[in-house]
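Since the structure comes first, as structure tokens, the remarks are kept for the end.
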Amino acid sequence: MDRFLFLTFDGLSRGAVYAAFALALVLIWRATRIVNFAQGAMAVATAYVGYSVADATGSYWLGFAVAVLAGLLLGAGVERVVMRFVDHSSPLNGVVVALGLVLIIQGVLGMIYGNEFRPAEAPFSRDAFNIGGVALLSRYDVFVFAAVGAVVVLLTLLFTRTPTGLRMRAAAFAPDVSRLLGVPVGGMLTLGWALAAAVGSLAGMLVIPTELGLHPTAMDVLFISAFTAAVLGGLDSPIGAVIGGLIVGLVLSYISGYLGATVAPMAVLALLVVVLLGRPDGLFARSKARTA
Amino acid sequence: MSALLEVDGLTVGYGAAPVLHDVSLTVEPGQIVAVLGANGAGKTTLLRALSGLLPPTRGRVVFDGADLRGIRVERMVRHGIAHVPEGRGVVTELTVDENLRLGGLWRKPQPSLAPIYELFPRLAERRGHLGHQLSGGERQMLALGRALAAQPRLLLLDEPSLGLAPRVTAQIMALLRDLRDRTGLAVLLVEQNVRSALSIADQGIVLSLGRIAARDDAAALADDADLRHAYLGF
């Protein structure tokens, strides 16, 4: 029972990071119908920047802030310089360009920082403290929950309570109509990419200290888990992405806890296949009206 | 009084083949001008060119003294032009209230929606419903209300009667006439429903194969049997 509880909390903590990363994928998918396969590489790039600043200044928090800020800028840059010029007549074009970005970013990171793992320290202890004799949560887990929770709340407020959020949603759902109503659709796209990349960077900063450390490919496995989470949630639904992230986190935690960590990556793929076969529109899709 | 909208020699095409040839027209403040003609005559293209969705290849569009050439679509609403596209363009994923707010969003401070809800009590009842939950008539009212929330001086209205019951069409036409009389709103009204359109219009323009085939007072057009047979099919 203790073990089950431990695995549950561990899974929720990992799931929170998947949720944040899946949220970033959903933001871009909703606005542009592109699955941003470069999200992981972009997040690693900004994590390198963040940790460089942290090393140079001795302040983890300054590095953390710089990483998220770098995410904003990188996201805006990728949209302005690259994605805006991708021909959207075929969905494959955006995917291929994103995969090309992965190669470029990982190549450049390897040239600058080298292709070995660099240690990345966590700002809080990762040792779980005891609650009623059971070790469940570390200070770092609490930090992860708080950070992801804050992101979810802030994004929800932005999208539902502010004029900019309304503009962003309208631009994503109906770009031509939005233009006629005076919404600067291009600007909203840039903002969407910037926010998504910043959320991705935050997820990267949260997960890298819990893995082997900084490496140009450090987010590749996480990307697959988060992508599965996003598909599980229906790709279109921010709430779905968050719930999907938590589910994937729990499933992975139980499987690596009871069956061994080596099975976990395969389990993610199996889950992805099962979802695509059984509920390709995600767990929360409204049943479509029958058309025939 | 100088014209609100002045179109001179407008030629527009998708690709190489022009859809509109050398179209000139004027709309005065507080005037409803009906644009009539068969399918494919270029009516929708005319509206799309005026709101900037489709840049003209030749010709001039002057609105309230300002040349609109090269002005981006998202700036048009600031000049006072609101375009309600065919098929209504309600954002179906947003609620009625959000759609309406979107219309007035560019204004600072943002206008109250109370007058719009007063105009369309049905929308007030369905304030929290999503666009895709509305009936066709409600969507048309929403699209119209949203355009009015931008407080335009010229309304470009594409086929407002499309798919609506005659009673609802009549309501919308009466509303347009009322708005013109009360607020001096000018309307360029594209319609298949010729009788309805001419019943409220001041002027009528008949497009045929992308050219202006006839223009006259609305009443005169409605009475011209030869013209009706030739271009309007009744």
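Chain identifiers are assigned as A, B, and so on, following the order in which chains appear in the structure tokens; residues are numbered from 1 within each chain, and ligands are numbered from 1 in order of appearance.
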Closest atom pairs, chain A residues within 9 Å of chain B, only C-alpha atoms, as a tab-separated table:
residue	atom	partner	partner_atom	distance
A:Pro163	CA	B:Leu105	CA	7.1
A:Leu166	CA	B:Leu102	CA	7.2
A:Arg167	CA	B:Leu102	CA	7.2
A:Arg169	CA	B:Leu94	CA	8.3
A:Ala170	CA	B:Val91	CA	6.9
A:Phe173	CA	B:Val91	CA	6.9
A:Ala174	CA	B:Val91	CA	6.3
A:Asp176	CA	B:Leu53	CA	8.3
A:Val177	CA	B:Gly89	CA	5.9
A:Ser178	CA	B:Glu74	CA	7.9
A:Arg179	CA	B:Glu74	CA	4.6
A:Leu180	CA	B:Glu74	CA	5.6
A:Leu181	CA	B:Gly103	CA	5.7
A:Gly182	CA	B:Glu74	CA	4.1
A:Val183	CA	B:Glu74	CA	5.9
A:Pro184	CA	B:Glu74	CA	6.0
A:Val185	CA	B:Glu74	CA	8.1
Export of prior selection with all heavy atoms as a short mmCIF file (atom, residue, chain, number, x, y, z; two decimals), in the first residue's frame:
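Here's the written file selection-v2.cif:
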data_model
loop_
_atom_site.label_atom_id
_atom_site.label_comp_id
_atom_site.auth_asym_id
_atom_site.auth_seq_id
_atom_site.Cartn_x
_atom_site.Cartn_y
_atom_site.Cartn_z
N PRO A 163 -9.32 40.38 -22.82
CA PRO A 163 -9.57 40.63 -24.24
C PRO A 163 -8.53 39.94 -25.13
O PRO A 163 -8.87 39.42 -26.19
CB PRO A 163 -9.45 42.15 -24.35
CG PRO A 163 -9.74 42.67 -22.99
CD PRO A 163 -9.23 41.63 -22.04
N LEU A 166 -9.44 36.36 -25.54
CA LEU A 166 -10.58 36.22 -26.47
C LEU A 166 -10.09 36.36 -27.90
O LEU A 166 -10.48 35.60 -28.79
CB LEU A 166 -11.64 37.27 -26.13
CG LEU A 166 -12.91 37.26 -26.98
CD1 LEU A 166 -13.59 35.91 -26.94
CD2 LEU A 166 -13.88 38.34 -26.50
N ARG A 167 -9.21 37.34 -28.13
CA ARG A 167 -8.67 37.53 -29.47
C ARG A 167 -7.90 36.29 -29.92
O ARG A 167 -8.00 35.85 -31.06
CB ARG A 167 -7.70 38.72 -29.50
CG ARG A 167 -8.39 40.05 -29.52
CD ARG A 167 -7.38 41.16 -29.83
NE ARG A 167 -7.98 42.45 -29.56
CZ ARG A 167 -7.82 43.11 -28.42
NH1 ARG A 167 -7.04 42.63 -27.46
NH2 ARG A 167 -8.42 44.26 -28.24
N ARG A 169 -8.23 33.17 -28.92
CA ARG A 169 -9.12 32.04 -29.23
C ARG A 169 -9.83 32.26 -30.55
O ARG A 169 -9.93 31.35 -31.37
CB ARG A 169 -10.15 31.87 -28.10
CG ARG A 169 -9.55 31.17 -26.89
CD ARG A 169 -10.62 30.83 -25.88
NE ARG A 169 -11.21 32.04 -25.32
CZ ARG A 169 -12.45 32.09 -24.84
NH1 ARG A 169 -13.23 31.04 -24.87
NH2 ARG A 169 -12.90 33.22 -24.33
N ALA A 170 -10.33 33.48 -30.77
CA ALA A 170 -11.04 33.76 -32.02
C ALA A 170 -10.11 33.58 -33.21
O ALA A 170 -10.48 32.97 -34.22
CB ALA A 170 -11.60 35.18 -31.99
N PHE A 173 -9.70 29.89 -33.91
CA PHE A 173 -10.87 29.17 -34.41
C PHE A 173 -11.29 29.67 -35.79
O PHE A 173 -11.73 28.89 -36.63
CB PHE A 173 -12.05 29.33 -33.45
CG PHE A 173 -11.86 28.65 -32.13
CD1 PHE A 173 -12.13 29.31 -30.95
CD2 PHE A 173 -11.40 27.34 -32.08
CE1 PHE A 173 -11.95 28.69 -29.73
CE2 PHE A 173 -11.22 26.70 -30.86
CZ PHE A 173 -11.49 27.38 -29.68
N ALA A 174 -11.23 30.96 -36.02
CA ALA A 174 -11.78 31.54 -37.25
C ALA A 174 -10.94 32.73 -37.69
O ALA A 174 -11.33 33.88 -37.49
CB ALA A 174 -13.23 31.97 -37.01
N ASP A 176 -10.19 34.22 -40.59
CA ASP A 176 -10.70 35.23 -41.53
C ASP A 176 -11.74 36.14 -40.88
O ASP A 176 -11.68 37.36 -41.02
CB ASP A 176 -11.31 34.55 -42.76
CG ASP A 176 -10.27 34.40 -43.86
OD1 ASP A 176 -9.15 34.92 -43.68
OD2 ASP A 176 -10.58 33.77 -44.89
N VAL A 177 -12.68 35.52 -40.18
CA VAL A 177 -13.71 36.30 -39.49
C VAL A 177 -13.06 37.23 -38.47
O VAL A 177 -13.43 38.40 -38.33
CB VAL A 177 -14.72 35.37 -38.81
CG1 VAL A 177 -15.64 36.14 -37.90
CG2 VAL A 177 -15.52 34.60 -39.85
N SER A 178 -12.06 36.73 -37.76
CA SER A 178 -11.40 37.54 -36.74
C SER A 178 -10.75 38.77 -37.37
O SER A 178 -10.80 39.85 -36.80
CB SER A 178 -10.34 36.72 -36.02
OG SER A 178 -10.94 35.59 -35.42
N ARG A 179 -10.15 38.58 -38.54
CA ARG A 179 -9.54 39.72 -39.23
C ARG A 179 -10.58 40.78 -39.53
O ARG A 179 -10.36 41.97 -39.32
CB ARG A 179 -8.93 39.24 -40.55
CG ARG A 179 -7.45 39.15 -40.49
CD ARG A 179 -6.84 38.72 -41.80
NE ARG A 179 -5.73 37.87 -41.48
CZ ARG A 179 -5.68 36.58 -41.68
NH1 ARG A 179 -6.67 35.96 -42.29
NH2 ARG A 179 -4.64 35.89 -41.30
N LEU A 180 -11.74 40.33 -40.01
CA LEU A 180 -12.81 41.29 -40.33
C LEU A 180 -13.25 42.05 -39.09
O LEU A 180 -13.76 43.16 -39.18
CB LEU A 180 -14.01 40.57 -40.94
CG LEU A 180 -13.83 40.05 -42.36
CD1 LEU A 180 -15.04 39.23 -42.78
CD2 LEU A 180 -13.61 41.19 -43.34
N LEU A 181 -13.07 41.44 -37.91
CA LEU A 181 -13.48 42.10 -36.68
C LEU A 181 -12.34 42.91 -36.07
O LEU A 181 -12.44 43.40 -34.95
CB LEU A 181 -13.97 41.07 -35.67
CG LEU A 181 -15.21 40.30 -36.13
CD1 LEU A 181 -15.49 39.15 -35.20
CD2 LEU A 181 -16.42 41.23 -36.20
N GLY A 182 -11.23 43.00 -36.80
CA GLY A 182 -10.14 43.85 -36.33
C GLY A 182 -9.12 43.15 -35.46
O GLY A 182 -8.31 43.81 -34.81
N VAL A 183 -9.15 41.81 -35.42
CA VAL A 183 -8.16 41.09 -34.61
C VAL A 183 -6.88 40.91 -35.43
O VAL A 183 -6.92 40.39 -36.53
CB VAL A 183 -8.70 39.70 -34.21
CG1 VAL A 183 -7.63 38.89 -33.48
CG2 VAL A 183 -9.96 39.83 -33.37
N PRO A 184 -5.74 41.37 -34.90
CA PRO A 184 -4.47 41.16 -35.61
C PRO A 184 -4.04 39.69 -35.50
O PRO A 184 -3.33 39.30 -34.57
CB PRO A 184 -3.49 42.08 -34.90
CG PRO A 184 -4.07 42.31 -33.55
CD PRO A 184 -5.56 42.12 -33.65
N VAL A 185 -4.49 38.89 -36.47
CA VAL A 185 -4.34 37.44 -36.35
C VAL A 185 -2.87 37.00 -36.32
O VAL A 185 -2.49 36.14 -35.53
CB VAL A 185 -5.10 36.74 -37.51
CG1 VAL A 185 -4.82 35.25 -37.52
CG2 VAL A 185 -6.59 36.98 -37.36
#
Checklist entry - If you count only C-alpha atoms, which residues fall within 9 Å of Pro91 of chain A, apart from same-chain ones fewer than 4 positions away, as a PyMOL selection string? => result chain A and resi 33-34+87+95
Keeping N, CA, C and O atoms, export the residues of the selection given above as a PDB file, in the first residue's frame.
ATOM      1  N   ARG A  33      -2.778  24.123 -36.168  1.00  0.00           N
ATOM      2  CA  ARG A  33      -2.886  22.753 -36.695  1.00  0.00           C
ATOM      3  C   ARG A  33      -1.507  22.174 -37.016  1.00  0.00           C
ATOM      4  O   ARG A  33      -1.344  21.429 -37.974  1.00  0.00           O
ATOM      5  N   ILE A  34      -0.521  22.575 -36.232  1.00  0.00           N
ATOM      6  CA  ILE A  34       0.811  21.976 -36.353  1.00  0.00           C
ATOM      7  C   ILE A  34       1.129  21.323 -35.012  1.00  0.00           C
ATOM      8  O   ILE A  34       0.946  21.935 -33.968  1.00  0.00           O
ATOM      9  N   ASP A  87       3.926  26.522 -45.943  1.00  0.00           N
ATOM     10  CA  ASP A  87       2.691  26.350 -46.702  1.00  0.00           C
ATOM     11  C   ASP A  87       1.803  25.359 -45.963  1.00  0.00           C
ATOM     12  O   ASP A  87       2.188  24.224 -45.711  1.00  0.00           O
ATOM     13  N   VAL A  95       5.052  19.619 -40.023  1.00  0.00           N
ATOM     14  CA  VAL A  95       5.722  18.550 -39.284  1.00  0.00           C
ATOM     15  C   VAL A  95       7.175  18.428 -39.742  1.00  0.00           C
ATOM     16  O   VAL A  95       8.095  18.351 -38.924  1.00  0.00           O
TER      17      VAL A  95
END
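Of the listed residues (B:Leu185, B:Leu36, B:Ala219, B:Ala124), B:Ala124 comes nearest to Leu142 of chain B; the distances count only C-alpha atoms.
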Item to check | Point-to-point distance from atom CA of Ala67 of chain A to atom CA of Ala264 of chain A, Å rounded to tenths | outcome: 28.7 Å
Next on the checklist: If we count only C-alpha atoms and set the cut-off at 10 Å, which residues sit around Val82 of chain A, ignoring sequence neighbours fewer than 5 positions away in its own chain? Please answer as a PyMOL selection string.
Outcome noted: chain A and resi 76-77+94+97-98+101
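If you look at atom CA of Gly244 of chain A and atom CA of Gly278 of chain A, they are 15.1 Å away from each other.
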Checklist entry - To one decimal place, how far is atom CA of Leu195 of chain A from atom CA of Ala24 of chain A in Å? => result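 Interatomic distance here is 7.8 Å.
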Checklist entry - segment 31-141 of chain A: which residues are helix (DSSP H, G or I) by DSSP, as an MDAnalysis selection string? => result chainID A and resid 31:32 39:57 60:85 91:113 139:141
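Counting only C-alpha atoms, the residue from A:Tyr51, A:Phe129, A:Phe6, A:Trp193 that sits nearest to Arg84 of chain A is A:Trp193.
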Item to check | Nearby residues (only C-alpha atoms) at most 9 Å from Ala198 of chain A, same-chain spacing under 4 positions excluded, as a list in words | outcome: Ala24, Ala43, Thr46, Ala67, Val68, Leu69, Ala70, Gly71, Leu72, Leu73, Leu74, Gly75, Trp193, Ala194, Leu202 and Ala203 of chain A
Written selection (C-alpha atoms) as a PDB file, in the first residue's frame:
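Now in selection30.pdb:
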ATOM      1  CA  ALA A  24       2.206  23.756 -24.840  1.00  0.00           C
ATOM      2  CA  ALA A  43      12.849  23.637 -24.359  1.00  0.00           C
ATOM      3  CA  THR A  46      16.335  27.452 -23.318  1.00  0.00           C
ATOM      4  CA  ALA A  67      14.970  30.158 -19.408  1.00  0.00           C
ATOM      5  CA  VAL A  68      11.250  30.961 -19.458  1.00  0.00           C
ATOM      6  CA  LEU A  69      11.917  34.373 -21.004  1.00  0.00           C
ATOM      7  CA  ALA A  70      14.171  32.735 -23.605  1.00  0.00           C
ATOM      8  CA  GLY A  71      11.265  30.374 -24.336  1.00  0.00           C
ATOM      9  CA  LEU A  72       8.996  33.351 -25.035  1.00  0.00           C
ATOM     10  CA  LEU A  73      11.526  34.855 -27.414  1.00  0.00           C
ATOM     11  CA  LEU A  74      12.426  31.573 -29.116  1.00  0.00           C
ATOM     12  CA  GLY A  75       8.743  30.723 -29.638  1.00  0.00           C
ATOM     13  CA  TRP A 193       3.841  30.401 -30.068  1.00  0.00           C
ATOM     14  CA  ALA A 194       5.700  32.536 -27.537  1.00  0.00           C
ATOM     15  CA  LEU A 202       9.176  25.763 -17.834  1.00  0.00           C
ATOM     16  CA  ALA A 203       8.368  22.059 -18.214  1.00  0.00           C
TER      17      ALA A 203
END
Next on the checklist: Report as a list of chain:residue names all protein, DNA and RNA residues lying within 8 Å of Ala229 of chain A, evaluated on only C-alpha atoms, omitting residues in the same chain fewer than 2 positions from it.
Outcome noted: A:Tyr18, A:Ala19, A:Ala22, A:Ser225, A:Ala226, A:Phe227, A:Val231, A:Leu232, A:Gly233, A:Ala241, A:Val242, A:Ile243, A:Gly244, A:Gly245, A:Leu246, A:Ile247, A:Val248
For those residues, write all heavy atoms to a file as a JSON list (two decimals), in the first residue's frame.
[["chain", "number", "residue", "atom", "x", "y", "z"],
["A", 18, "TYR", "N", 4.32, 16.47, -17.61],
["A", 18, "TYR", "CA", 3.75, 16.08, -18.90],
["A", 18, "TYR", "C", 2.58, 17.00, -19.25],
["A", 18, "TYR", "O", 2.40, 17.39, -20.40],
["A", 18, "TYR", "CB", 3.25, 14.63, -18.88],
["A", 18, "TYR", "CG", 4.30, 13.59, -18.60],
["A", 18, "TYR", "CD1", 3.96, 12.37, -18.03],
["A", 18, "TYR", "CD2", 5.63, 13.82, -18.92],
["A", 18, "TYR", "CE1", 4.92, 11.40, -17.78],
["A", 18, "TYR", "CE2", 6.60, 12.87, -18.67],
["A", 18, "TYR", "CZ", 6.23, 11.65, -18.10],
["A", 18, "TYR", "OH", 7.18, 10.72, -17.85],
["A", 19, "ALA", "N", 1.77, 17.30, -18.23],
["A", 19, "ALA", "CA", 0.59, 18.14, -18.45],
["A", 19, "ALA", "C", 1.01, 19.49, -19.00],
["A", 19, "ALA", "O", 0.43, 20.00, -19.97],
["A", 19, "ALA", "CB", -0.19, 18.30, -17.15],
["A", 22, "ALA", "N", 2.30, 19.03, -22.52],
["A", 22, "ALA", "CA", 1.17, 18.73, -23.42],
["A", 22, "ALA", "C", 0.36, 19.99, -23.69],
["A", 22, "ALA", "O", -0.11, 20.23, -24.81],
["A", 22, "ALA", "CB", 0.29, 17.63, -22.82],
["A", 225, "SER", "N", 6.02, 11.15, -24.16],
["A", 225, "SER", "CA", 5.01, 11.03, -23.10],
["A", 225, "SER", "C", 4.02, 12.18, -23.17],
["A", 225, "SER", "O", 2.80, 11.98, -23.06],
["A", 225, "SER", "CB", 5.69, 11.04, -21.73],
["A", 225, "SER", "OG", 6.66, 10.02, -21.66],
["A", 226, "ALA", "N", 4.53, 13.39, -23.37],
["A", 226, "ALA", "CA", 3.66, 14.56, -23.38],
["A", 226, "ALA", "C", 2.77, 14.55, -24.63],
["A", 226, "ALA", "O", 1.59, 14.94, -24.57],
["A", 226, "ALA", "CB", 4.49, 15.83, -23.34],
["A", 227, "PHE", "N", 3.33, 14.10, -25.74],
["A", 227, "PHE", "CA", 2.52, 14.00, -26.97],
["A", 227, "PHE", "C", 1.38, 13.01, -26.76],
["A", 227, "PHE", "O", 0.23, 13.27, -27.13],
["A", 227, "PHE", "CB", 3.42, 13.57, -28.13],
["A", 227, "PHE", "CG", 2.69, 13.40, -29.43],
["A", 227, "PHE", "CD1", 1.98, 14.44, -29.99],
["A", 227, "PHE", "CD2", 2.70, 12.18, -30.10],
["A", 227, "PHE", "CE1", 1.31, 14.29, -31.19],
["A", 227, "PHE", "CE2", 2.03, 12.01, -31.30],
["A", 227, "PHE", "CZ", 1.33, 13.06, -31.85],
["A", 231, "VAL", "N", -2.59, 13.76, -27.04],
["A", 231, "VAL", "CA", -3.50, 12.99, -27.89],
["A", 231, "VAL", "C", -4.61, 12.38, -27.02],
["A", 231, "VAL", "O", -5.78, 12.38, -27.40],
["A", 231, "VAL", "CB", -2.73, 11.88, -28.64],
["A", 231, "VAL", "CG1", -3.70, 10.94, -29.36],
["A", 231, "VAL", "CG2", -1.77, 12.50, -29.63],
["A", 232, "LEU", "N", -4.22, 11.90, -25.85],
["A", 232, "LEU", "CA", -5.19, 11.34, -24.91],
["A", 232, "LEU", "C", -6.27, 12.38, -24.59],
["A", 232, "LEU", "O", -7.45, 12.06, -24.48],
["A", 232, "LEU", "CB", -4.44, 10.95, -23.63],
["A", 232, "LEU", "CG", -5.05, 9.93, -22.68],
["A", 232, "LEU", "CD1", -5.24, 8.60, -23.36],
["A", 232, "LEU", "CD2", -4.14, 9.77, -21.46],
["A", 233, "GLY", "N", -5.85, 13.62, -24.46],
["A", 233, "GLY", "CA", -6.80, 14.68, -24.14],
["A", 233, "GLY", "C", -7.51, 15.24, -25.35],
["A", 233, "GLY", "O", -8.36, 16.11, -25.23],
["A", 241, "ALA", "N", -5.46, 18.07, -22.06],
["A", 241, "ALA", "CA", -4.01, 17.91, -21.99],
["A", 241, "ALA", "C", -3.56, 17.75, -20.55],
["A", 241, "ALA", "O", -2.69, 16.92, -20.25],
["A", 241, "ALA", "CB", -3.32, 19.11, -22.64],
["A", 242, "VAL", "N", -4.13, 18.53, -19.66],
["A", 242, "VAL", "CA", -3.73, 18.45, -18.25],
["A", 242, "VAL", "C", -4.13, 17.10, -17.66],
["A", 242, "VAL", "O", -3.31, 16.41, -17.04],
["A", 242, "VAL", "CB", -4.37, 19.61, -17.44],
["A", 242, "VAL", "CG1", -4.13, 19.42, -15.96],
["A", 242, "VAL", "CG2", -3.81, 20.94, -17.91],
["A", 243, "ILE", "N", -5.37, 16.69, -17.91],
["A", 243, "ILE", "CA", -5.81, 15.40, -17.38],
["A", 243, "ILE", "C", -5.02, 14.27, -18.05],
["A", 243, "ILE", "O", -4.57, 13.33, -17.38],
["A", 243, "ILE", "CB", -7.33, 15.22, -17.62],
["A", 243, "ILE", "CG1", -8.10, 16.30, -16.84],
["A", 243, "ILE", "CG2", -7.79, 13.84, -17.18],
["A", 243, "ILE", "CD1", -9.57, 16.33, -17.11],
["A", 244, "GLY", "N", -4.83, 14.38, -19.36],
["A", 244, "GLY", "CA", -4.04, 13.38, -20.08],
["A", 244, "GLY", "C", -2.64, 13.27, -19.50],
["A", 244, "GLY", "O", -2.10, 12.17, -19.34],
["A", 245, "GLY", "N", -2.03, 14.41, -19.18],
["A", 245, "GLY", "CA", -0.68, 14.40, -18.60],
["A", 245, "GLY", "C", -0.64, 13.66, -17.29],
["A", 245, "GLY", "O", 0.25, 12.83, -17.05],
["A", 246, "LEU", "N", -1.63, 13.92, -16.44],
["A", 246, "LEU", "CA", -1.65, 13.25, -15.14],
["A", 246, "LEU", "C", -1.87, 11.74, -15.32],
["A", 246, "LEU", "O", -1.23, 10.92, -14.64],
["A", 246, "LEU", "CB", -2.76, 13.85, -14.25],
["A", 246, "LEU", "CG", -2.52, 15.31, -13.86],
["A", 246, "LEU", "CD1", -3.69, 15.87, -13.06],
["A", 246, "LEU", "CD2", -1.22, 15.46, -13.06],
["A", 247, "ILE", "N", -2.75, 11.37, -16.28],
["A", 247, "ILE", "CA", -2.99, 9.93, -16.51],
["A", 247, "ILE", "C", -1.72, 9.24, -16.99],
["A", 247, "ILE", "O", -1.32, 8.19, -16.47],
["A", 247, "ILE", "CB", -4.13, 9.74, -17.55],
["A", 247, "ILE", "CG1", -5.47, 10.17, -16.94],
["A", 247, "ILE", "CG2", -4.21, 8.28, -17.99],
["A", 247, "ILE", "CD1", -6.63, 10.14, -17.91],
["A", 248, "VAL", "N", -1.05, 9.86, -17.97],
["A", 248, "VAL", "CA", 0.18, 9.25, -18.49],
["A", 248, "VAL", "C", 1.22, 9.14, -17.38],
["A", 248, "VAL", "O", 1.91, 8.11, -17.24],
["A", 248, "VAL", "CB", 0.74, 10.06, -19.68],
["A", 248, "VAL", "CG1", 2.12, 9.58, -20.08],
["A", 248, "VAL", "CG2", -0.20, 9.96, -20.87]]
Next on the checklist: When DSSP is applied to the backbone of this structure, which of segment 9-208 of chain B are assigned strand (DSSP E or B)? Write them out as a count of residues only.
Outcome noted: 52
Next on the checklist: Give me the residues near Thr44 of chain B as a PyMOL selection string, where near means some atom within 8 Å (using only C-alpha atoms) and where sequence neighbours in that chain fewer than 6 positions away do not count.
Outcome noted: chain B and resi 86+158+190
